[in-house]
Amino acid sequence: MTKKSVWLSGPYLAWIVGFIVLPLLTILYYGLTDTEGGLTLGNVIGAVADPLNIKALGLTLLLATLATVICLGLAYPLALCLTKLKMKKKSFFIFLFILPMWMNFMLQMVAINTILEDNGVINAVLTFIGLPKLHIANTFGAVLIGMVYDYFPFMLLPVYNAVSRIDGDLINASKDLGANSFKTFLYVSFPLSLPGVISGITMVFIPAVSDFAIAQMLGGGKIQLIGNIVEMNFTKGQYHTGSGLALILMAFVMLSSLLTKDGAENEGGGMIVS
Amino acid sequence: MNNIIELRGISKSFDGEKVLDRIDLCIRDKEFVTLLGPSGCGKTTTLRIIGGFVTPDAGDLIFDGKRINDIPPYQRPVNTVFQKYALFPHMNVYDNVAFGLKQAKVPRAEIPGRVREMLELVSLSGFEKKNVTLLSGGQQQRVAIARALINRPRVLLLDEPLGALDLKLRKDMQNELKKIQKATGITFIYVTHDQEEALSMSDVIVVMAEGVIQQIGTPTEIYNEPTNAFVADFIGESNIVDGVMLSDCRVQFSGQTFTCVDGGFSRNEPVDVVVRPEDVDVVHPENGMLRGTVTSVTFKGDYYEIIVDIGGFKWMVETSDFVAEQAHIGLYIEPDAIHIMKKSKYSGKFGDYSTFSDEIETMSDPDTVDQKNEEGPAID
């Protein structure tokens with residue numbers, strides 16, 4: 001690095017040190033020390049030993065996995081349809097699907113709550129057509145819906161990018177060589193779109209694993225994710241316990257991003273964003 | 001020989017624009033047929049219709065006497081070598097070539113041998129494990145040919161397969177393709193805009209323009225007896241002048257009467273007269289049938305290409321003797337060098353070298369023109 005480029009990157013370097021490196025070191029310090037300042041693994045071990053935490057961790061992984069699978073299941077067919085549209089319509093529909101990203105997060109959550117709550121939009125419609133009410137608000141399902149809603153564009157965009165970049169003649173070549181539409185998808189289209197799929201999985205799964213806001217807003221305090229427990233510890237001033245848990249959470253995020261990154265590189269695509 | 005493929009009244013439009021207009025074409029078994037024409041003439045669309053990637057708006061596509069319009073590409077006994085090869089980038093050479101066999105449910109034990117045999121045919125033995133994206137253009141080309149031939153198709157479709165290769169490699173591949181075609185006895189349908197390529201490789205050439213077939217014939221027929229000014233101009237260089245057929249074997253042009261070998265026109269019928277530059281002899285003005293002034297001379301290696309102004313019309317002449325610019329010369333034309341064509345909508349558009357320059361020739365080369373619009377929607 002030349003002197004000039006050091007100067008140019010200076011402002012951001014200061015930012016990284018002040019707001020990323022130092023806080024991380026602080027968490028590391030708190031996570032590995034006790035209240036007297038002595039070095040200990042007690043916080044981490046204690047966090048794992050607590051059955052409540054294990055339950056929260058399990059719930060978090062389940063929710064994040066389900067949200068990722070649902071997002072992928074919705075986004076992939078949609079991406080296939082989008083690539084077949086004419087150029088003008090294409091950009092309009094893509095705009096439509098990423099529009100929620102432009103909306104304030106709190107507003108999104110409040111709106112979803114209004115739709116899901118016991119006297120909300122869904123139940124009003126159900127009552128109107130004479131069906132029994134559904135209790136969705138403040139349940140596992142509500143948090144799942146919130147996650148899918150919030151993270152869907154992050155799945156759609158990379159998957160759409162990957163699918164739309166597949167050369168039409170590769171599909172033609174596969175059919176020309178005797179593969180029907182399903183086999184062409186299995187052996188050609190899907191493998192070629194894998195880098196986008198993996199990128200999408202990373203962009204949904206990682207924020208979902210560390211989420212606490214959606215669970216808080218749509219779970220009504222009844223859904224305890226690992227992120228919520230970390231947040232609770234910190235607001236209560238239990239920095240050491242909270243940091244110990246945060247380290248475990250970080251380990252999970254790092255592990256999953258490493259796993260998906262490996263896959264993406266094997267596929268020869270460099271689209272990973274983690 | 002039997003017709004393996006017949007196109008009957010095939011039409012196709014993309015976005016309201018007519019790309020093919022009632023095409024009739026018969027292709028005989030085991031022949032090397034070339035669809036030749038400038039970009040946008042409909043040759044690639046014709047090929048894609050035979051391959052099954054484009055559905056015609058009207059007309060019948062007949063294969064071995066059966067209509068196959070509604071048969072999907074994966075059930076047609078036809079394989080394609082795509083313009084940009086379309087090799088599967090996530091598979092190595094072996095898997096690309098073996099793809100067709102695996103789809104055809106060929107017994108597992110048979111596959112390695114057949115792949116090896118195919119790679120040998122295209123001189124790529126030992127390349128099995130190579131990554132296709134790291135191969136050179138010529139090597140990718142060979143993989144594409146091996147992949148398309150391995151299922152032993154009745155017909156192989158080739159869409160400008162040599163377009164991306166440099167000249168030397170292209171010549172080698174031309175010979176090799178011709179050899180492969182002879183060795184396998186497979187019908188080749190070859191699309192190109194390169195007239196030299198078409199002349200040197202084909203048994204039959206189909207010249208197309210504006211979605212219509214202009215002429216079907218052997219390379220010699222197409223070159224020596226073009227049916228209209230478009231074909232005469234597109235295949236090789238031609239001087240095309242307005243003439244009047246006085247009677248059988250007597251034609252008048254450039255103010256002179258000539259003896260020719262064509263007949264069957266009505267008395268005093270206006271015609272297009274084609275004279276190839278290499279068929280004109282430069283002589284002393286006194287012995288010339290036509291007289292004119294040399295306006296430019298270009299050295300071409302084994303001959304000189306000269307432009308001669310004869311009464312305002314510029315002729316191109318190829319001669320092995322040097323002629324100075326501004327020289328007054330005579331031209332002599334043998335009767336069998338004069339080819340008479342009926343008037344067509346292309347009359348008067350081609351064959352005058354008054355605006356000729358090599359630069360313009362390159363600019364209008366279809367090579368440099370984007371061909372996307374001709375292909376139409378490529379996704380199934």
# chains A, B, ... in the order shown; residues from 1 in each chain; ligands from 1

$ select_by_dssp --residues "segment 63-233 of chain B" --states "helix (DSSP H, G or I)" --output "JSON list (two decimals) with N, CA, C and O atoms, in the first residue's frame"
[["chain", "number", "residue", "atom", "x", "y", "z"],
["B", 73, "PRO", "N", -36.99, -30.90, -29.09],
["B", 73, "PRO", "CA", -35.61, -31.10, -29.54],
["B", 73, "PRO", "C", -34.97, -32.37, -29.00],
["B", 73, "PRO", "O", -34.20, -33.02, -29.70],
["B", 74, "TYR", "N", -35.31, -32.74, -27.74],
["B", 74, "TYR", "CA", -34.62, -33.89, -27.15],
["B", 74, "TYR", "C", -35.07, -35.22, -27.73],
["B", 74, "TYR", "O", -34.52, -36.26, -27.40],
["B", 75, "GLN", "N", -36.12, -35.19, -28.59],
["B", 75, "GLN", "CA", -36.52, -36.44, -29.23],
["B", 75, "GLN", "C", -36.20, -36.46, -30.71],
["B", 75, "GLN", "O", -36.59, -37.38, -31.42],
["B", 93, "VAL", "N", -14.13, -32.00, -20.05],
["B", 93, "VAL", "CA", -14.28, -32.43, -21.44],
["B", 93, "VAL", "C", -15.03, -33.76, -21.52],
["B", 93, "VAL", "O", -15.98, -33.91, -22.28],
["B", 94, "TYR", "N", -14.61, -34.70, -20.66],
["B", 94, "TYR", "CA", -15.23, -36.03, -20.69],
["B", 94, "TYR", "C", -16.74, -35.95, -20.45],
["B", 94, "TYR", "O", -17.53, -36.51, -21.19],
["B", 95, "ASP", "N", -17.13, -35.21, -19.41],
["B", 95, "ASP", "CA", -18.55, -35.15, -19.05],
["B", 95, "ASP", "C", -19.37, -34.42, -20.11],
["B", 95, "ASP", "O", -20.53, -34.75, -20.34],
["B", 96, "ASN", "N", -18.76, -33.42, -20.73],
["B", 96, "ASN", "CA", -19.45, -32.74, -21.83],
["B", 96, "ASN", "C", -19.74, -33.71, -22.97],
["B", 96, "ASN", "O", -20.86, -33.78, -23.46],
["B", 97, "VAL", "N", -18.72, -34.46, -23.35],
["B", 97, "VAL", "CA", -18.88, -35.36, -24.49],
["B", 97, "VAL", "C", -19.81, -36.52, -24.13],
["B", 97, "VAL", "O", -20.62, -36.95, -24.94],
["B", 98, "ALA", "N", -19.73, -36.97, -22.87],
["B", 98, "ALA", "CA", -20.54, -38.13, -22.46],
["B", 98, "ALA", "C", -21.99, -37.76, -22.18],
["B", 98, "ALA", "O", -22.84, -38.64, -22.05],
["B", 99, "PHE", "N", -22.30, -36.46, -22.11],
["B", 99, "PHE", "CA", -23.64, -36.01, -21.71],
["B", 99, "PHE", "C", -24.75, -36.68, -22.53],
["B", 99, "PHE", "O", -25.70, -37.22, -21.99],
["B", 100, "GLY", "N", -24.58, -36.65, -23.85],
["B", 100, "GLY", "CA", -25.61, -37.22, -24.73],
["B", 100, "GLY", "C", -25.80, -38.71, -24.50],
["B", 100, "GLY", "O", -26.92, -39.20, -24.50],
["B", 101, "LEU", "N", -24.70, -39.43, -24.28],
["B", 101, "LEU", "CA", -24.79, -40.88, -24.06],
["B", 101, "LEU", "C", -25.54, -41.18, -22.78],
["B", 101, "LEU", "O", -26.37, -42.08, -22.71],
["B", 102, "LYS", "N", -25.24, -40.40, -21.72],
["B", 102, "LYS", "CA", -25.91, -40.63, -20.44],
["B", 102, "LYS", "C", -27.40, -40.39, -20.58],
["B", 102, "LYS", "O", -28.22, -41.11, -20.02],
["B", 103, "GLN", "N", -27.77, -39.35, -21.34],
["B", 103, "GLN", "CA", -29.19, -39.06, -21.54],
["B", 103, "GLN", "C", -29.86, -40.18, -22.33],
["B", 103, "GLN", "O", -31.02, -40.50, -22.10],
["B", 108, "ARG", "N", -23.55, -48.18, -19.10],
["B", 108, "ARG", "CA", -22.45, -47.49, -18.45],
["B", 108, "ARG", "C", -21.08, -47.92, -18.98],
["B", 108, "ARG", "O", -20.20, -47.09, -19.19],
["B", 109, "ALA", "N", -20.93, -49.22, -19.18],
["B", 109, "ALA", "CA", -19.62, -49.76, -19.56],
["B", 109, "ALA", "C", -19.20, -49.29, -20.96],
["B", 109, "ALA", "O", -18.03, -49.28, -21.30],
["B", 110, "GLU", "N", -20.18, -48.92, -21.75],
["B", 110, "GLU", "CA", -19.90, -48.56, -23.13],
["B", 110, "GLU", "C", -19.41, -47.12, -23.27],
["B", 110, "GLU", "O", -18.75, -46.76, -24.24],
["B", 111, "ILE", "N", -19.76, -46.28, -22.26],
["B", 111, "ILE", "CA", -19.54, -44.83, -22.39],
["B", 111, "ILE", "C", -18.06, -44.44, -22.56],
["B", 111, "ILE", "O", -17.73, -43.75, -23.51],
["B", 112, "PRO", "N", -17.15, -44.92, -21.66],
["B", 112, "PRO", "CA", -15.76, -44.45, -21.78],
["B", 112, "PRO", "C", -15.15, -44.73, -23.14],
["B", 112, "PRO", "O", -14.47, -43.87, -23.71],
["B", 113, "GLY", "N", -15.44, -45.88, -23.70],
["B", 113, "GLY", "CA", -14.89, -46.25, -25.00],
["B", 113, "GLY", "C", -15.39, -45.32, -26.09],
["B", 113, "GLY", "O", -14.61, -44.85, -26.93],
["B", 114, "ARG", "N", -16.69, -45.02, -26.05],
["B", 114, "ARG", "CA", -17.26, -44.16, -27.09],
["B", 114, "ARG", "C", -16.73, -42.74, -26.98],
["B", 114, "ARG", "O", -16.50, -42.07, -27.99],
["B", 115, "VAL", "N", -16.54, -42.27, -25.74],
["B", 115, "VAL", "CA", -16.00, -40.92, -25.56],
["B", 115, "VAL", "C", -14.57, -40.86, -26.11],
["B", 115, "VAL", "O", -14.21, -39.94, -26.83],
["B", 116, "ARG", "N", -13.78, -41.91, -25.78],
["B", 116, "ARG", "CA", -12.40, -41.94, -26.24],
["B", 116, "ARG", "C", -12.35, -41.91, -27.77],
["B", 116, "ARG", "O", -11.59, -41.16, -28.37],
["B", 117, "GLU", "N", -13.21, -42.71, -28.37],
["B", 117, "GLU", "CA", -13.29, -42.81, -29.83],
["B", 117, "GLU", "C", -13.62, -41.43, -30.44],
["B", 117, "GLU", "O", -13.00, -41.01, -31.43],
["B", 118, "MET", "N", -14.56, -40.72, -29.83],
["B", 118, "MET", "CA", -14.97, -39.40, -30.34],
["B", 118, "MET", "C", -13.83, -38.38, -30.20],
["B", 118, "MET", "O", -13.57, -37.61, -31.11],
["B", 119, "LEU", "N", -13.18, -38.41, -29.03],
["B", 119, "LEU", "CA", -12.09, -37.45, -28.81],
["B", 119, "LEU", "C", -10.96, -37.73, -29.79],
["B", 119, "LEU", "O", -10.27, -36.82, -30.24],
["B", 120, "GLU", "N", -10.78, -39.00, -30.13],
["B", 120, "GLU", "CA", -9.77, -39.36, -31.11],
["B", 120, "GLU", "C", -10.13, -38.76, -32.47],
["B", 120, "GLU", "O", -9.29, -38.18, -33.16],
["B", 121, "LEU", "N", -11.40, -38.86, -32.82],
["B", 121, "LEU", "CA", -11.89, -38.35, -34.11],
["B", 121, "LEU", "C", -11.60, -36.86, -34.26],
["B", 121, "LEU", "O", -11.28, -36.37, -35.33],
["B", 132, "VAL", "N", -13.24, -27.26, -19.55],
["B", 132, "VAL", "CA", -13.55, -26.75, -20.89],
["B", 132, "VAL", "C", -13.36, -25.24, -21.02],
["B", 132, "VAL", "O", -13.06, -24.73, -22.09],
["B", 133, "THR", "N", -13.52, -24.51, -19.90],
["B", 133, "THR", "CA", -13.40, -23.05, -20.00],
["B", 133, "THR", "C", -11.95, -22.62, -20.19],
["B", 133, "THR", "O", -11.70, -21.48, -20.56],
["B", 134, "LEU", "N", -11.00, -23.54, -19.95],
["B", 134, "LEU", "CA", -9.60, -23.18, -20.10],
["B", 134, "LEU", "C", -9.02, -23.61, -21.45],
["B", 134, "LEU", "O", -7.86, -23.38, -21.74],
["B", 137, "GLY", "N", -10.04, -21.62, -28.30],
["B", 137, "GLY", "CA", -11.24, -21.60, -29.14],
["B", 137, "GLY", "C", -11.34, -22.83, -30.03],
["B", 137, "GLY", "O", -12.39, -23.46, -30.13],
["B", 138, "GLY", "N", -10.21, -23.20, -30.65],
["B", 138, "GLY", "CA", -10.22, -24.34, -31.56],
["B", 138, "GLY", "C", -10.50, -25.64, -30.82],
["B", 138, "GLY", "O", -11.20, -26.51, -31.32],
["B", 139, "GLN", "N", -9.95, -25.76, -29.60],
["B", 139, "GLN", "CA", -10.18, -26.98, -28.82],
["B", 139, "GLN", "C", -11.63, -27.07, -28.35],
["B", 139, "GLN", "O", -12.24, -28.13, -28.40],
["B", 140, "GLN", "N", -12.19, -25.91, -27.91],
["B", 140, "GLN", "CA", -13.60, -25.90, -27.50],
["B", 140, "GLN", "C", -14.47, -26.33, -28.66],
["B", 140, "GLN", "O", -15.44, -27.08, -28.50],
["B", 141, "GLN", "N", -14.12, -25.83, -29.84],
["B", 141, "GLN", "CA", -14.82, -26.18, -31.06],
["B", 141, "GLN", "C", -14.85, -27.68, -31.27],
["B", 141, "GLN", "O", -15.89, -28.27, -31.57],
["B", 142, "ARG", "N", -13.70, -28.32, -31.08],
["B", 142, "ARG", "CA", -13.60, -29.77, -31.27],
["B", 142, "ARG", "C", -14.44, -30.52, -30.24],
["B", 142, "ARG", "O", -15.08, -31.52, -30.55],
["B", 143, "VAL", "N", -14.42, -30.03, -29.00],
["B", 143, "VAL", "CA", -15.24, -30.67, -27.96],
["B", 143, "VAL", "C", -16.71, -30.59, -28.36],
["B", 143, "VAL", "O", -17.46, -31.56, -28.26],
["B", 144, "ALA", "N", -17.11, -29.40, -28.86],
["B", 144, "ALA", "CA", -18.50, -29.21, -29.25],
["B", 144, "ALA", "C", -18.89, -30.18, -30.37],
["B", 144, "ALA", "O", -19.98, -30.75, -30.36],
["B", 145, "ILE", "N", -17.97, -30.41, -31.30],
["B", 145, "ILE", "CA", -18.26, -31.33, -32.41],
["B", 145, "ILE", "C", -18.35, -32.77, -31.89],
["B", 145, "ILE", "O", -19.28, -33.51, -32.22],
["B", 146, "ALA", "N", -17.40, -33.13, -31.01],
["B", 146, "ALA", "CA", -17.42, -34.48, -30.44],
["B", 146, "ALA", "C", -18.71, -34.71, -29.66],
["B", 146, "ALA", "O", -19.35, -35.76, -29.77],
["B", 147, "ARG", "N", -19.12, -33.72, -28.88],
["B", 147, "ARG", "CA", -20.31, -33.84, -28.06],
["B", 147, "ARG", "C", -21.56, -34.03, -28.93],
["B", 147, "ARG", "O", -22.46, -34.80, -28.60],
["B", 148, "ALA", "N", -21.57, -33.31, -30.06],
["B", 148, "ALA", "CA", -22.75, -33.38, -30.93],
["B", 148, "ALA", "C", -22.78, -34.66, -31.75],
["B", 148, "ALA", "O", -23.84, -35.13, -32.14],
["B", 149, "LEU", "N", -21.60, -35.24, -32.01],
["B", 149, "LEU", "CA", -21.56, -36.43, -32.88],
["B", 149, "LEU", "C", -21.72, -37.74, -32.12],
["B", 149, "LEU", "O", -22.02, -38.77, -32.70],
["B", 167, "LEU", "N", -8.04, -17.13, -39.07],
["B", 167, "LEU", "CA", -8.09, -17.62, -40.45],
["B", 167, "LEU", "C", -7.41, -18.97, -40.64],
["B", 167, "LEU", "O", -7.98, -19.88, -41.23],
["B", 168, "LYS", "N", -6.19, -19.10, -40.09],
["B", 168, "LYS", "CA", -5.40, -20.32, -40.29],
["B", 168, "LYS", "C", -6.14, -21.53, -39.72],
["B", 168, "LYS", "O", -6.30, -22.56, -40.37],
["B", 169, "LEU", "N", -6.62, -21.35, -38.48],
["B", 169, "LEU", "CA", -7.32, -22.42, -37.78],
["B", 169, "LEU", "C", -8.61, -22.78, -38.51],
["B", 169, "LEU", "O", -9.01, -23.93, -38.61],
["B", 170, "ARG", "N", -9.24, -21.73, -39.07],
["B", 170, "ARG", "CA", -10.52, -21.92, -39.75],
["B", 170, "ARG", "C", -10.32, -22.83, -40.97],
["B", 170, "ARG", "O", -11.10, -23.73, -41.21],
["B", 171, "LYS", "N", -9.24, -22.59, -41.71],
["B", 171, "LYS", "CA", -8.96, -23.40, -42.90],
["B", 171, "LYS", "C", -8.74, -24.86, -42.49],
["B", 171, "LYS", "O", -9.25, -25.77, -43.14],
["B", 172, "ASP", "N", -7.97, -25.07, -41.41],
["B", 172, "ASP", "CA", -7.72, -26.44, -40.96],
["B", 172, "ASP", "C", -9.01, -27.13, -40.57],
["B", 172, "ASP", "O", -9.25, -28.28, -40.93],
["B", 173, "MET", "N", -9.85, -26.38, -39.82],
["B", 173, "MET", "CA", -11.10, -26.97, -39.34],
["B", 173, "MET", "C", -12.04, -27.28, -40.50],
["B", 173, "MET", "O", -12.79, -28.25, -40.45],
["B", 174, "GLN", "N", -12.01, -26.43, -41.54],
["B", 174, "GLN", "CA", -12.84, -26.68, -42.72],
["B", 174, "GLN", "C", -12.53, -28.05, -43.30],
["B", 174, "GLN", "O", -13.43, -28.86, -43.55],
["B", 175, "ASN", "N", -11.22, -28.30, -43.48],
["B", 175, "ASN", "CA", -10.81, -29.60, -44.03],
["B", 175, "ASN", "C", -11.22, -30.73, -43.11],
["B", 175, "ASN", "O", -11.70, -31.77, -43.55],
["B", 176, "GLU", "N", -11.04, -30.50, -41.81],
["B", 176, "GLU", "CA", -11.31, -31.54, -40.85],
["B", 176, "GLU", "C", -12.81, -31.88, -40.80],
["B", 176, "GLU", "O", -13.20, -33.04, -40.77],
["B", 177, "LEU", "N", -13.64, -30.83, -40.84],
["B", 177, "LEU", "CA", -15.09, -31.04, -40.82],
["B", 177, "LEU", "C", -15.52, -31.85, -42.04],
["B", 177, "LEU", "O", -16.32, -32.76, -41.94],
["B", 178, "LYS", "N", -14.96, -31.48, -43.17],
["B", 178, "LYS", "CA", -15.30, -32.17, -44.42],
["B", 178, "LYS", "C", -14.91, -33.64, -44.30],
["B", 178, "LYS", "O", -15.66, -34.53, -44.70],
["B", 179, "LYS", "N", -13.73, -33.88, -43.70],
["B", 179, "LYS", "CA", -13.26, -35.26, -43.52],
["B", 179, "LYS", "C", -14.20, -36.04, -42.59],
["B", 179, "LYS", "O", -14.56, -37.17, -42.87],
["B", 180, "ILE", "N", -14.57, -35.38, -41.48],
["B", 180, "ILE", "CA", -15.46, -36.03, -40.52],
["B", 180, "ILE", "C", -16.79, -36.37, -41.19],
["B", 180, "ILE", "O", -17.35, -37.45, -41.00],
["B", 181, "GLN", "N", -17.28, -35.43, -41.99],
["B", 181, "GLN", "CA", -18.58, -35.65, -42.65],
["B", 181, "GLN", "C", -18.49, -36.87, -43.57],
["B", 181, "GLN", "O", -19.37, -37.73, -43.58],
["B", 182, "LYS", "N", -17.40, -36.96, -44.33],
["B", 182, "LYS", "CA", -17.23, -38.09, -45.25],
["B", 182, "LYS", "C", -17.11, -39.40, -44.46],
["B", 182, "LYS", "O", -17.72, -40.40, -44.81],
["B", 183, "ALA", "N", -16.32, -39.35, -43.36],
["B", 183, "ALA", "CA", -16.05, -40.57, -42.59],
["B", 183, "ALA", "C", -17.31, -41.09, -41.91],
["B", 183, "ALA", "O", -17.52, -42.30, -41.82],
["B", 184, "THR", "N", -18.15, -40.19, -41.39],
["B", 184, "THR", "CA", -19.30, -40.63, -40.61],
["B", 184, "THR", "C", -20.53, -40.83, -41.48],
["B", 184, "THR", "O", -21.47, -41.50, -41.08],
["B", 195, "GLN", "N", -18.69, -16.89, -47.93],
["B", 195, "GLN", "CA", -18.92, -17.57, -49.21],
["B", 195, "GLN", "C", -17.79, -18.51, -49.60],
["B", 195, "GLN", "O", -18.03, -19.56, -50.17],
["B", 196, "GLU", "N", -16.56, -18.16, -49.23],
["B", 196, "GLU", "CA", -15.43, -19.04, -49.56],
["B", 196, "GLU", "C", -15.57, -20.37, -48.85],
["B", 196, "GLU", "O", -15.35, -21.44, -49.41],
["B", 197, "GLU", "N", -15.93, -20.28, -47.55],
["B", 197, "GLU", "CA", -16.15, -21.46, -46.74],
["B", 197, "GLU", "C", -17.22, -22.34, -47.40],
["B", 197, "GLU", "O", -17.05, -23.54, -47.54],
["B", 198, "ALA", "N", -18.32, -21.69, -47.81],
["B", 198, "ALA", "CA", -19.42, -22.42, -48.42],
["B", 198, "ALA", "C", -18.97, -23.10, -49.70],
["B", 198, "ALA", "O", -19.25, -24.28, -49.93],
["B", 199, "LEU", "N", -18.24, -22.37, -50.55],
["B", 199, "LEU", "CA", -17.82, -22.92, -51.85],
["B", 199, "LEU", "C", -16.89, -24.11, -51.66],
["B", 199, "LEU", "O", -16.98, -25.10, -52.38],
["B", 200, "SER", "N", -15.98, -24.04, -50.67],
["B", 200, "SER", "CA", -14.98, -25.09, -50.56],
["B", 200, "SER", "C", -15.48, -26.33, -49.83],
["B", 200, "SER", "O", -14.90, -27.40, -49.99],
["B", 201, "MET", "N", -16.53, -26.21, -49.01],
["B", 201, "MET", "CA", -16.94, -27.38, -48.22],
["B", 201, "MET", "C", -18.17, -28.11, -48.73],
["B", 201, "MET", "O", -18.34, -29.29, -48.49],
["B", 219, "PRO", "N", -21.73, -25.77, -55.62],
["B", 219, "PRO", "CA", -20.88, -24.57, -55.62],
["B", 219, "PRO", "C", -20.60, -24.05, -57.03],
["B", 219, "PRO", "O", -20.66, -22.84, -57.26],
["B", 220, "THR", "N", -20.31, -24.93, -57.99],
["B", 220, "THR", "CA", -20.03, -24.46, -59.35],
["B", 220, "THR", "C", -21.25, -23.81, -59.98],
["B", 220, "THR", "O", -21.14, -22.78, -60.65],
["B", 221, "GLU", "N", -22.42, -24.42, -59.77],
["B", 221, "GLU", "CA", -23.64, -23.82, -60.32],
["B", 221, "GLU", "C", -23.87, -22.43, -59.77],
["B", 221, "GLU", "O", -24.18, -21.49, -60.49],
["B", 222, "ILE", "N", -23.70, -22.32, -58.44],
["B", 222, "ILE", "CA", -23.96, -21.05, -57.79],
["B", 222, "ILE", "C", -22.99, -19.99, -58.29],
["B", 222, "ILE", "O", -23.35, -18.85, -58.54],
["B", 223, "TYR", "N", -21.74, -20.41, -58.50],
["B", 223, "TYR", "CA", -20.73, -19.44, -58.90],
["B", 223, "TYR", "C", -20.86, -19.09, -60.39],
["B", 223, "TYR", "O", -20.82, -17.93, -60.77],
["B", 224, "ASN", "N", -21.04, -20.10, -61.21],
["B", 224, "ASN", "CA", -21.05, -19.85, -62.65],
["B", 224, "ASN", "C", -22.40, -19.40, -63.18],
["B", 224, "ASN", "O", -22.48, -18.69, -64.17],
["B", 229, "ALA", "N", -28.90, -10.86, -59.31],
["B", 229, "ALA", "CA", -27.80, -9.96, -58.98],
["B", 229, "ALA", "C", -27.34, -10.15, -57.54],
["B", 229, "ALA", "O", -26.16, -10.02, -57.23],
["B", 230, "PHE", "N", -28.27, -10.51, -56.64],
["B", 230, "PHE", "CA", -27.86, -10.71, -55.25],
["B", 230, "PHE", "C", -26.87, -11.86, -55.14],
["B", 230, "PHE", "O", -25.81, -11.73, -54.52],
["B", 231, "VAL", "N", -27.22, -13.01, -55.73],
["B", 231, "VAL", "CA", -26.35, -14.18, -55.64],
["B", 231, "VAL", "C", -25.02, -13.90, -56.31],
["B", 231, "VAL", "O", -23.95, -14.20, -55.77],
["B", 232, "ALA", "N", -25.07, -13.28, -57.49],
["B", 232, "ALA", "CA", -23.85, -12.99, -58.24],
["B", 232, "ALA", "C", -22.92, -12.11, -57.42],
["B", 232, "ALA", "O", -21.70, -12.31, -57.40],
["B", 233, "ASP", "N", -23.48, -11.14, -56.71],
["B", 233, "ASP", "CA", -22.65, -10.23, -55.94],
["B", 233, "ASP", "C", -22.17, -10.87, -54.64],
["B", 233, "ASP", "O", -21.04, -10.65, -54.22]]

$ interface_residues --of "chain A" --to "chain B" --cutoff "6 Å" --atoms "only C-alpha atoms" --output "PyMOL selection string"
chain A and resi 168-170+175-179

$ write_last_selection --atoms "N, CA and C atoms" --output "short mmCIF file (atom, residue, chain, number, x, y, z; two decimals), in the first residue's frame"
data_model
loop_
_atom_site.label_atom_id
_atom_site.label_comp_id
_atom_site.auth_asym_id
_atom_site.auth_seq_id
_atom_site.Cartn_x
_atom_site.Cartn_y
_atom_site.Cartn_z
N GLY A 168 -28.81 -19.08 -22.91
CA GLY A 168 -29.93 -19.87 -23.42
C GLY A 168 -29.49 -21.05 -24.27
N ASP A 169 -28.35 -20.91 -24.94
CA ASP A 169 -27.89 -22.01 -25.78
C ASP A 169 -27.38 -23.20 -24.96
N LEU A 170 -27.03 -22.97 -23.67
CA LEU A 170 -26.64 -24.11 -22.83
C LEU A 170 -27.87 -24.97 -22.57
N LYS A 175 -31.01 -29.89 -24.22
CA LYS A 175 -32.18 -30.53 -24.84
C LYS A 175 -31.79 -31.20 -26.15
N ASP A 176 -30.89 -30.55 -26.87
CA ASP A 176 -30.42 -31.08 -28.14
C ASP A 176 -29.78 -32.45 -27.94
N LEU A 177 -29.12 -32.63 -26.78
CA LEU A 177 -28.42 -33.87 -26.51
C LEU A 177 -29.30 -34.91 -25.83
N GLY A 178 -30.60 -34.62 -25.76
CA GLY A 178 -31.53 -35.65 -25.33
C GLY A 178 -32.08 -35.51 -23.92
N ALA A 179 -31.76 -34.40 -23.22
CA ALA A 179 -32.29 -34.24 -21.88
C ALA A 179 -33.63 -33.50 -21.95
#

$ closest_residue --among "A:Ala75, A:Leu144, A:Ile136, A:Leu156" --to "Ile98 of chain A" --atoms "only C-alpha atoms"
A:Leu156

$ atom_distance --atom1 "atom CA of Gly42 of chain A" --atom2 "atom CA of Lys236 of chain A"
18.7 Å

$ atom_distance --atom1 "atom CA of Glu237 of chain B" --atom2 "atom CA of Asp281 of chain B"
15.6 Å

$ select_by_dssp --residues "segment 141-350 of chain B" --states "strand (DSSP E or B)" --output "PyMOL selection string"
chain B and resi 155-159+187-192+204-209+212-217+239-247+250-253+256-259+269-275+280-283+290-299+304-310+313-319+328-333+338-342

$ closest_residue --among "A:Asn180, A:Asn104, A:Thr83, A:Thr260" --to "Ser164 of chain A" --atoms "only C-alpha atoms"
A:Thr83

$ closest_residue --among "A:Thr235, A:Ala162, A:Lys4, A:Ala64" --to "Asp211 of chain A" --atoms "only C-alpha atoms"
A:Ala64

$ residues_around --residues "Gly221 of chain A" --least-positions-apart "4" --cutoff "12 Å" --atoms "only C-alpha atoms" --output "number ranges by chain"
A: 137-140, 143, 212-217, 225, 228-229, 232

$ atom_distance --atom1 "atom CA of Ser256 of chain A" --atom2 "atom CA of Tyr151 of chain A"
16.9 Å
